[in-house]
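A.B. asks: Let me give you the structure first, and then I'll get to my questions.
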Amino acid sequence: METRPYQKEAIAAIEAEWAKGINRTMLVLPTGCGKTIVFCKVAEDQVRDGGRGLILAHRGELLDQAADKLYRVTGLNCAVEKAEEHSLQSWYRVTVGSVQTMMRENRLKEFPEDWFDFIIVDEAHHVLADSYQRVLNHFPRAKVLGVTATPDRGDMRNLGSVFESLAYEYTLPRAIKEKYLCPIKVQTIPLKLDLSGVGVQSGDFKAGDLGTALDPYLYQIADEMAKLCMNRKTVVFLPLVKTSQKFRDILNEKGFRAAEVNGDSKDRAEVLAAFDEGKYNVLCNSMLLTEGWDCPSVDCIVVLRPTKIRSLYAQMVGRGTRLSPETGKDHLLLLDFLWHTERHELCHPASLICESEEIAKKMTEKLEESGEPTDLEEAEAEAKSDVIAAREEALAKTLAEMRTRKRKLVDPLQFEMSIQAEDLSGYVPAFGWEMSPPSVAQKTALEKYGIFPDEIDNAGKASLILDRLAKRRQEGLTTPKQIRFLESKGFQHVGTWDFEAARKLIDRIAGNNWRVPYEIDPGTWQPGKKTYESEDWGMPV
């Protein structure tokens with residue numbers, strides 16, 4: 001099985017972290033991008049070097065999937081540690097283990113603490129549970145890789161307390177752009193569902209309350225679906241089994257061919273197979289299909305289980321993002337409802353790709369105003385543009401003050417705003433090392449590049465800025481000093497210019513006795529489209 005370019009990058013990044021002595025690291029790949037293939041290849045490399053490993057998961061389907069993929073990708077067979085199955089007497093170098101089994105004291109004490117050299121945690125957003133912690137703590141010297149589609153938790157307990165670094169992240173927008181996942185179009189349904197009476201438990205809405213709140217709207221929802229997805233292959237997520245079964249019956253009344261599966265369904269495999277084959281065109285479930293089930297031909301997702309947990313929301317939507325060109329699928333239709341709640345943490349389609357809450361809020365507003373299917377990435381780009389414009393207007397006075405400061409170094413905020421780096425301005429440290437103050441070496445490097453380091457209060461932000469500066473240097477973009485000088489003269493967004501274009505303009509200004517030539521209006525002037533290459537990244541002023 002040939003690995004994709006980003007999968008090779010991920011494998012190399014994980015092994016580089018372990019080689020540096022960072023023993024607990026994370027991999028983030030969107031649903032449908034082959035995270036199992038990546039960790040199987042990592043396991044293969046470790047076994048080749050003589051290591052013994054454990055692949056840990058919380059559901060039987062995930063263990064079966066990991067065992068099957070390990071053999072198909074690498075040719076390695078594995079032992080099983082689950083219920084009555086034991087692995088200690090096996091000569092296989094990899095074990096797939098159920099966390100519910102492994103966590104038991106009598107089971108753990110059978111293993112020496114150095115038995116496993118590496119542990120891979122599938123669906124690692126569950127890792128803060130006591131069961132996982134008990135297993136990881138029993139093997140303190142093992143290298144640990146946590147694999148997940150989304151690295152955040154609904155209860156806001158930071159995964160940085162378990163993992164030391166994020167080795168590699170492949171984002172949903174990048175996966176869509178590179179055509180490894182299908183585009184997503186969002187249709188907001190103008191149906192207001194009241195959640196104001198729904199309680200919260202363990203960081204999310206109570207499923208029982210949600211079922212009661214949803215019940216009066218089921219017929220209206222079915223009517224809306226009949227207009228939009230009668231001819232689509234649709235998966236519907238609902239909060240309760242009884243609600244899921246009731247909605248299945250309503251959909252069948254409306255002319256759909258609907259089926260329902262839940263944890264107690266004895267014919268679950270048969271129903272899933274029938275759905276895959278097209279005998280049903282809607283599959284209702286009560287959160288059963290969020291992990292470990294794939295049906296690439298699904299081209300519509302209906303989330304009727306509102307949630308505050310982004311990882312859960314991404315798992316639901318991820319059931320429809322896989323490619324299926326043989327069925328004519330060219331995008332996923334995501335139906336979004338106008339949930340009315342006094343709380344503002346509710347996940348929306350914007351939560352899938354927006355790192356900034358500010359942009360997500362603006363994007364949600366625009367999607368609600370649209371009234372027609374809207375491409376997710378296009379909506380995000382438009383919302384980002386609006387937010388940046390509003391933010392720049394609000395920060396105009398602050399930036400004006402920064403641009404006239406009589407110091408040679410550039411304020412980080414001015415640099416971030418000039419290069420339009422949303423990831424830098426909205427950065428929040430997650431791992432322990434990121435939260436510590438910038439090191440002396442980082443401060444020295446920042447000053448060398450022309451950035452005033454005292455305005456950066458954590459090592460994570462310093463590392464991100466240094467990485468961005470190095471990348472900009474390779475790409476031949478403007479330096480911080482060029483940005484400071486030209487923006488002090490009134491030029492806009494100098495951070496988006498080429499280095500050579502800025503250098504030539506500065507030479508013109510220098511030749512005019514350090515005054516902007518009268519024929520140039522700094523407020524509107526932009527360099528030509530021509531791209532320049534330069535070996536000299538130094539500042540000529």
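Labels for the structure tokens follow display order: chains A, B, ..., residues from 1 in each chain, ligands from 1.
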Which neighbours of segment 26-42 of chain A fall inside 6 Å, counting only C-alpha atoms, when residues of the same chain fewer than 4 positions from it are skipped, and could you give them as a PyMOL selection string?

C.D. replies: chain A and resi 7+70+145-149+166-170+172+318+322

A.B. asks: For the selection you just gave me, I'd like the residues written to a file as a PDB file, in the first residue's frame, keeping N, CA and C atoms.

C.D. replies:
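Written out: result.pdb:
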```pdb
ATOM      1  N   GLN A   7       1.459  11.464   4.502  1.00  0.00           N
ATOM      2  CA  GLN A   7       1.647  10.344   5.425  1.00  0.00           C
ATOM      3  C   GLN A   7       3.132  10.077   5.664  1.00  0.00           C
ATOM      4  N   LEU A  70      -2.877  -3.393   9.910  1.00  0.00           N
ATOM      5  CA  LEU A  70      -1.476  -3.685  10.185  1.00  0.00           C
ATOM      6  C   LEU A  70      -0.977  -4.797   9.271  1.00  0.00           C
ATOM      7  N   LEU A 145       2.537   7.418  21.070  1.00  0.00           N
ATOM      8  CA  LEU A 145       1.978   8.210  19.982  1.00  0.00           C
ATOM      9  C   LEU A 145       0.466   8.247  20.138  1.00  0.00           C
ATOM     10  N   GLY A 146      -0.095   9.451  20.261  1.00  0.00           N
ATOM     11  CA  GLY A 146      -1.542   9.621  20.303  1.00  0.00           C
ATOM     12  C   GLY A 146      -2.036  10.063  18.939  1.00  0.00           C
ATOM     13  N   VAL A 147      -3.043   9.375  18.404  1.00  0.00           N
ATOM     14  CA  VAL A 147      -3.552   9.657  17.058  1.00  0.00           C
ATOM     15  C   VAL A 147      -5.021  10.062  17.153  1.00  0.00           C
ATOM     16  N   THR A 148      -5.358  11.196  16.554  1.00  0.00           N
ATOM     17  CA  THR A 148      -6.740  11.662  16.633  1.00  0.00           C
ATOM     18  C   THR A 148      -7.057  12.549  15.433  1.00  0.00           C
ATOM     19  N   ALA A 149      -8.347  12.732  15.179  1.00  0.00           N
ATOM     20  CA  ALA A 149      -8.771  13.650  14.113  1.00  0.00           C
ATOM     21  C   ALA A 149      -8.849  15.078  14.617  1.00  0.00           C
ATOM     22  N   LEU A 166       3.126  18.122  19.460  1.00  0.00           N
ATOM     23  CA  LEU A 166       2.326  17.745  18.307  1.00  0.00           C
ATOM     24  C   LEU A 166       3.303  17.523  17.165  1.00  0.00           C
ATOM     25  N   ALA A 167       3.559  16.262  16.837  1.00  0.00           N
ATOM     26  CA  ALA A 167       4.581  15.945  15.829  1.00  0.00           C
ATOM     27  C   ALA A 167       4.161  16.405  14.448  1.00  0.00           C
ATOM     28  N   TYR A 168       2.866  16.223  14.135  1.00  0.00           N
ATOM     29  CA  TYR A 168       2.430  16.528  12.764  1.00  0.00           C
ATOM     30  C   TYR A 168       0.923  16.732  12.755  1.00  0.00           C
ATOM     31  N   GLU A 169       0.484  17.736  11.990  1.00  0.00           N
ATOM     32  CA  GLU A 169      -0.947  17.981  11.817  1.00  0.00           C
ATOM     33  C   GLU A 169      -1.231  18.219  10.347  1.00  0.00           C
ATOM     34  N   TYR A 170      -2.212  17.509   9.826  1.00  0.00           N
ATOM     35  CA  TYR A 170      -2.678  17.681   8.448  1.00  0.00           C
ATOM     36  C   TYR A 170      -4.106  18.178   8.547  1.00  0.00           C
ATOM     37  N   LEU A 172      -7.950  19.775   7.634  1.00  0.00           N
ATOM     38  CA  LEU A 172      -9.058  19.477   6.739  1.00  0.00           C
ATOM     39  C   LEU A 172      -9.000  20.335   5.465  1.00  0.00           C
ATOM     40  N   GLY A 318     -17.080  13.661   9.516  1.00  0.00           N
ATOM     41  CA  GLY A 318     -16.062  12.858   8.836  1.00  0.00           C
ATOM     42  C   GLY A 318     -16.582  11.587   8.212  1.00  0.00           C
ATOM     43  N   ARG A 322     -15.008  11.253   2.827  1.00  0.00           N
ATOM     44  CA  ARG A 322     -14.162  10.420   1.968  1.00  0.00           C
ATOM     45  C   ARG A 322     -14.547  10.569   0.502  1.00  0.00           C
TER      46      ARG A 322
END
```

A.B. asks: Name all residues at most 12 Å from Gln89 of chain A (count only C-alpha atoms; drop same-chain ones fewer than 3 positions away) and give them as a PyMOL selection string.

C.D. replies: chain A and resi 79-81+85-86+92-93+95+110-111

A.B. asks: Quick one: residues within 7 Å of Arg248 of chain A, only C-alpha atoms, excluding same-chain residues fewer than 5 positions away - as a list in words?

C.D. replies: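 That gives Ala258, Ala259, Glu260 and Cys284 of chain A.
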
A.B. asks: Going by DSSP on the backbone, which residues of segment 285-467 of chain A come out as strand (DSSP E or B)? List them as a list in words.

C.D. replies: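 Listing strand (DSSP E or B) positions across segment 285-467 of chain A yields Asn285, Cys300, Ile301, Val302, Val303, Leu332, Leu333, Leu334, Leu335, Asp336, Phe337, Leu338, Trp339, His340, Thr374, Asp375, Val410 and Ile451 of chain A.
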
A.B. asks: For the selection just defined, write its residues with N, CA and C atoms to a file, as a PDB file, in the first residue's frame.

C.D. replies:
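Once written, selection-v7.pdb looks like this:
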```pdb
ATOM      1  N   ASN A 285     -28.763   6.814  13.412  1.00  0.00           N
ATOM      2  CA  ASN A 285     -28.052   6.150  14.507  1.00  0.00           C
ATOM      3  C   ASN A 285     -27.912   7.100  15.686  1.00  0.00           C
ATOM      4  N   CYS A 300     -24.218  12.989   2.257  1.00  0.00           N
ATOM      5  CA  CYS A 300     -24.984  13.961   3.042  1.00  0.00           C
ATOM      6  C   CYS A 300     -24.925  13.567   4.515  1.00  0.00           C
ATOM      7  N   ILE A 301     -24.653  14.532   5.359  1.00  0.00           N
ATOM      8  CA  ILE A 301     -24.626  14.319   6.814  1.00  0.00           C
ATOM      9  C   ILE A 301     -25.624  15.272   7.462  1.00  0.00           C
ATOM     10  N   VAL A 302     -26.445  14.715   8.356  1.00  0.00           N
ATOM     11  CA  VAL A 302     -27.413  15.511   9.114  1.00  0.00           C
ATOM     12  C   VAL A 302     -27.099  15.328  10.597  1.00  0.00           C
ATOM     13  N   VAL A 303     -26.660  16.401  11.241  1.00  0.00           N
ATOM     14  CA  VAL A 303     -26.304  16.335  12.661  1.00  0.00           C
ATOM     15  C   VAL A 303     -27.495  16.820  13.484  1.00  0.00           C
ATOM     16  N   LEU A 332     -19.670  16.823  -0.282  1.00  0.00           N
ATOM     17  CA  LEU A 332     -20.519  16.401   0.829  1.00  0.00           C
ATOM     18  C   LEU A 332     -21.471  17.542   1.163  1.00  0.00           C
ATOM     19  N   LEU A 333     -22.755  17.229   1.265  1.00  0.00           N
ATOM     20  CA  LEU A 333     -23.730  18.224   1.709  1.00  0.00           C
ATOM     21  C   LEU A 333     -23.918  18.062   3.217  1.00  0.00           C
ATOM     22  N   LEU A 334     -23.675  19.129   3.960  1.00  0.00           N
ATOM     23  CA  LEU A 334     -23.822  19.131   5.411  1.00  0.00           C
ATOM     24  C   LEU A 334     -24.992  20.033   5.780  1.00  0.00           C
ATOM     25  N   LEU A 335     -26.033  19.442   6.361  1.00  0.00           N
ATOM     26  CA  LEU A 335     -27.200  20.222   6.757  1.00  0.00           C
ATOM     27  C   LEU A 335     -27.018  20.724   8.181  1.00  0.00           C
ATOM     28  N   ASP A 336     -27.152  22.028   8.357  1.00  0.00           N
ATOM     29  CA  ASP A 336     -26.925  22.678   9.649  1.00  0.00           C
ATOM     30  C   ASP A 336     -28.206  23.370  10.097  1.00  0.00           C
ATOM     31  N   PHE A 337     -28.609  23.125  11.329  1.00  0.00           N
ATOM     32  CA  PHE A 337     -29.861  23.683  11.844  1.00  0.00           C
ATOM     33  C   PHE A 337     -29.596  24.858  12.779  1.00  0.00           C
ATOM     34  N   LEU A 338     -30.592  25.720  12.884  1.00  0.00           N
ATOM     35  CA  LEU A 338     -30.470  26.910  13.735  1.00  0.00           C
ATOM     36  C   LEU A 338     -30.860  26.543  15.167  1.00  0.00           C
ATOM     37  N   TRP A 339     -29.902  25.984  15.868  1.00  0.00           N
ATOM     38  CA  TRP A 339     -30.147  25.633  17.270  1.00  0.00           C
ATOM     39  C   TRP A 339     -30.194  26.903  18.108  1.00  0.00           C
ATOM     40  N   HIS A 340     -31.239  27.067  18.880  1.00  0.00           N
ATOM     41  CA  HIS A 340     -31.344  28.227  19.765  1.00  0.00           C
ATOM     42  C   HIS A 340     -30.911  27.811  21.164  1.00  0.00           C
ATOM     43  N   THR A 374     -23.326  26.385   0.439  1.00  0.00           N
ATOM     44  CA  THR A 374     -22.157  27.257   0.330  1.00  0.00           C
ATOM     45  C   THR A 374     -20.899  26.460   0.615  1.00  0.00           C
ATOM     46  N   ASP A 375     -19.893  26.604  -0.238  1.00  0.00           N
ATOM     47  CA  ASP A 375     -18.634  25.897  -0.045  1.00  0.00           C
ATOM     48  C   ASP A 375     -17.980  26.342   1.269  1.00  0.00           C
ATOM     49  N   VAL A 410      10.928  45.226  15.474  1.00  0.00           N
ATOM     50  CA  VAL A 410       9.518  45.271  15.094  1.00  0.00           C
ATOM     51  C   VAL A 410       8.665  44.596  16.161  1.00  0.00           C
ATOM     52  N   ILE A 451      12.759  41.099  15.254  1.00  0.00           N
ATOM     53  CA  ILE A 451      11.535  41.092  16.056  1.00  0.00           C
ATOM     54  C   ILE A 451      11.864  41.446  17.503  1.00  0.00           C
TER      55      ILE A 451
END
```

A.B. asks: To one decimal place, how far is atom CA of Phe452 of chain A from atom CA of Phe491 of chain A in Å?

C.D. replies: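 A separation of 20.6 Å between them.
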
A.B. asks: Report, in Å with one decimal, the straight-line distance from atom CA of Phe237 of chain A to atom CA of Leu304 of chain A.

C.D. replies: 5.5 Å

A.B. asks: Pick the closest to Met417 of chain A from A:His493, A:Lys366, A:Lys254, A:Lys361: which is it, counting only C-alpha atoms?

C.D. replies: A:His493

A.B. asks: Got a sec: who's within 12 Å of Ser87 of chain A, counting only C-alpha atoms, leaving out chain neighbours fewer than 3 positions off, as a VMD selection string?

C.D. replies: chain A and resid 52 to 54 78 to 84 90 to 98 101 to 102 107 to 108 110 to 111 115 to 116

A.B. asks: Within 9 Å of Arg484 of chain A, counting only C-alpha atoms, which residues show up once you throw out same-chain ones fewer than 3 positions away? Write them as a PyMOL selection string, please.

C.D. replies: chain A and resi 402-404+408-411+414-415+479-481+487-489+494

A.B. asks: With C-alpha atoms retained, write the just-selected residues as a short mmCIF file (atom, residue, chain, number, x, y, z; two decimals), in the first residue's frame.

C.D. replies:
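Result went into result.cif, see below:
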```cif
data_model
loop_
_atom_site.label_atom_id
_atom_site.label_comp_id
_atom_site.auth_asym_id
_atom_site.auth_seq_id
_atom_site.Cartn_x
_atom_site.Cartn_y
_atom_site.Cartn_z
CA MET A 402 3.88 50.89 16.86
CA ARG A 403 4.93 52.08 13.42
CA THR A 404 6.34 55.31 14.80
CA LYS A 408 14.96 49.26 15.38
CA LEU A 409 13.06 46.09 16.25
CA VAL A 410 9.52 45.27 15.09
CA ASP A 411 6.64 44.63 17.47
CA GLN A 414 2.66 44.56 13.79
CA PHE A 415 4.45 41.66 12.10
CA THR A 479 11.81 41.04 6.38
CA PRO A 480 10.45 42.49 9.64
CA LYS A 481 12.72 45.52 9.25
CA GLU A 487 4.65 50.77 7.16
CA SER A 488 6.05 53.73 9.10
CA LYS A 489 5.80 55.56 5.76
CA VAL A 494 4.04 45.07 3.45
#
```

A.B. asks: List every residue of segment 167-284 of chain A that DSSP, applied to the backbone, labels as helix (DSSP H, G or I), and write the result as a PDB file with C-alpha atoms, in the first residue's frame.

C.D. replies:
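out.pdb was written with the following content:
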```pdb
ATOM      1  CA  LEU A 172      -9.058  19.477   6.739  1.00  0.00           C
ATOM      2  CA  PRO A 173      -8.703  22.459   4.320  1.00  0.00           C
ATOM      3  CA  ARG A 174      -5.339  21.164   3.120  1.00  0.00           C
ATOM      4  CA  ALA A 175      -6.753  17.651   2.630  1.00  0.00           C
ATOM      5  CA  ILE A 176      -9.616  19.059   0.541  1.00  0.00           C
ATOM      6  CA  LYS A 177      -7.289  21.342  -1.437  1.00  0.00           C
ATOM      7  CA  ALA A 207     -28.511  13.221  25.580  1.00  0.00           C
ATOM      8  CA  GLY A 208     -31.816  12.629  27.403  1.00  0.00           C
ATOM      9  CA  ASP A 209     -32.704  16.319  27.417  1.00  0.00           C
ATOM     10  CA  LEU A 210     -31.705  16.614  23.765  1.00  0.00           C
ATOM     11  CA  GLY A 211     -34.054  13.790  22.769  1.00  0.00           C
ATOM     12  CA  THR A 212     -36.970  15.506  24.517  1.00  0.00           C
ATOM     13  CA  ALA A 213     -36.108  18.913  22.994  1.00  0.00           C
ATOM     14  CA  LEU A 214     -35.755  17.450  19.499  1.00  0.00           C
ATOM     15  CA  ASP A 215     -38.943  15.379  19.468  1.00  0.00           C
ATOM     16  CA  PRO A 216     -41.430  18.148  18.509  1.00  0.00           C
ATOM     17  CA  TYR A 217     -39.385  19.083  15.423  1.00  0.00           C
ATOM     18  CA  LEU A 218     -38.849  15.663  13.826  1.00  0.00           C
ATOM     19  CA  TYR A 219     -41.630  15.932  11.226  1.00  0.00           C
ATOM     20  CA  GLN A 220     -40.484  19.433  10.188  1.00  0.00           C
ATOM     21  CA  ILE A 221     -36.894  18.214   9.879  1.00  0.00           C
ATOM     22  CA  ALA A 222     -38.028  15.313   7.714  1.00  0.00           C
ATOM     23  CA  ASP A 223     -39.904  17.740   5.450  1.00  0.00           C
ATOM     24  CA  GLU A 224     -36.748  19.853   5.032  1.00  0.00           C
ATOM     25  CA  MET A 225     -34.695  16.750   4.267  1.00  0.00           C
ATOM     26  CA  ALA A 226     -37.235  15.696   1.619  1.00  0.00           C
ATOM     27  CA  LYS A 227     -36.536  18.970  -0.201  1.00  0.00           C
ATOM     28  CA  LEU A 228     -32.755  18.705  -0.028  1.00  0.00           C
ATOM     29  CA  VAL A 241     -31.911   5.259  20.328  1.00  0.00           C
ATOM     30  CA  LYS A 242     -35.665   5.820  20.699  1.00  0.00           C
ATOM     31  CA  THR A 243     -35.386   9.190  18.901  1.00  0.00           C
ATOM     32  CA  SER A 244     -33.336   7.549  16.152  1.00  0.00           C
ATOM     33  CA  GLN A 245     -35.931   4.803  15.690  1.00  0.00           C
ATOM     34  CA  LYS A 246     -38.800   7.278  15.671  1.00  0.00           C
ATOM     35  CA  PHE A 247     -37.081   9.444  13.084  1.00  0.00           C
ATOM     36  CA  ARG A 248     -36.428   6.396  10.894  1.00  0.00           C
ATOM     37  CA  ASP A 249     -40.169   5.682  10.864  1.00  0.00           C
ATOM     38  CA  ILE A 250     -41.004   9.312  10.035  1.00  0.00           C
ATOM     39  CA  LEU A 251     -38.522   9.336   7.153  1.00  0.00           C
ATOM     40  CA  ASN A 252     -40.037   6.167   5.741  1.00  0.00           C
ATOM     41  CA  GLU A 253     -43.462   7.826   5.885  1.00  0.00           C
ATOM     42  CA  ARG A 268     -26.157  -4.315  12.585  1.00  0.00           C
ATOM     43  CA  ALA A 269     -23.651  -5.819  10.117  1.00  0.00           C
ATOM     44  CA  GLU A 270     -26.438  -6.755   7.707  1.00  0.00           C
ATOM     45  CA  VAL A 271     -28.044  -3.292   7.884  1.00  0.00           C
ATOM     46  CA  LEU A 272     -24.717  -1.542   7.315  1.00  0.00           C
ATOM     47  CA  ALA A 273     -23.978  -3.803   4.352  1.00  0.00           C
ATOM     48  CA  ALA A 274     -27.451  -3.135   2.899  1.00  0.00           C
ATOM     49  CA  PHE A 275     -26.919   0.621   3.278  1.00  0.00           C
ATOM     50  CA  ASP A 276     -23.541   0.346   1.590  1.00  0.00           C
ATOM     51  CA  GLU A 277     -25.151  -1.537  -1.306  1.00  0.00           C
TER      52      GLU A 277
END
```

A.B. asks: Please list as a list in words every residue within 12 Å of Glu105 of chain A, counting only C-alpha atoms and excluding residues in the same chain fewer than 4 positions away.

C.D. replies: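 Non-adjacent residues within range: Val99, Gln100, Thr101, Lys109, Glu110, Phe111, Ser131, Arg134, Val135 and His138 of chain A.
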
A.B. asks: Got time to write the residues from that selection, C-alpha atoms, as a PDB file, in the first residue's frame?

C.D. replies:
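Final output, selection13.pdb:
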```
ATOM      1  CA  VAL A  99      -8.188  -0.404  27.160  1.00  0.00           C
ATOM      2  CA  GLN A 100     -11.090  -1.832  29.189  1.00  0.00           C
ATOM      3  CA  THR A 101      -9.152  -5.106  29.518  1.00  0.00           C
ATOM      4  CA  LYS A 109       0.505  -6.706  36.753  1.00  0.00           C
ATOM      5  CA  GLU A 110       1.173  -9.612  34.370  1.00  0.00           C
ATOM      6  CA  PHE A 111       3.268  -7.240  32.237  1.00  0.00           C
ATOM      7  CA  SER A 131      -8.447   3.777  32.094  1.00  0.00           C
ATOM      8  CA  ARG A 134      -3.588   3.584  34.247  1.00  0.00           C
ATOM      9  CA  VAL A 135      -2.179   1.728  31.247  1.00  0.00           C
ATOM     10  CA  HIS A 138       2.256   1.205  34.004  1.00  0.00           C
TER      11      HIS A 138
END
```

A.B. asks: Which residue out of A:Gly160, A:His348, A:Asp507, A:Asp330 has the minimum interatomic distance to Met435 of chain A when only C-alpha atoms are used?

C.D. replies: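 Closest to Met435 of chain A, using only C-alpha atoms: A:Gly160.
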
A.B. asks: Hey, which of A:Asn458, A:Leu469, A:Asp267, A:Glu9 ends up closest to Pro429 of chain A? Count only C-alpha atoms.

C.D. replies: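 Ranked by minimum distance to Pro429 of chain A, first place goes to A:Asn458.
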
A.B. asks: Of the candidates A:Pro527, A:Pro190, A:Gly50, A:Gly426, which one gets nearest to Glu369 of chain A if we count only C-alpha atoms?

C.D. replies: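 The shortest atom-to-atom distance to Glu369 of chain A comes from A:Pro190.
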
A.B. asks: Hey, can you check how far atom CA of Ile483 of chain A sits from atom CA of Ser418 of chain A?

C.D. replies: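 Atom-to-atom, atom CA of Ile483 of chain A to atom CA of Ser418 of chain A, that is 7.5 Å.
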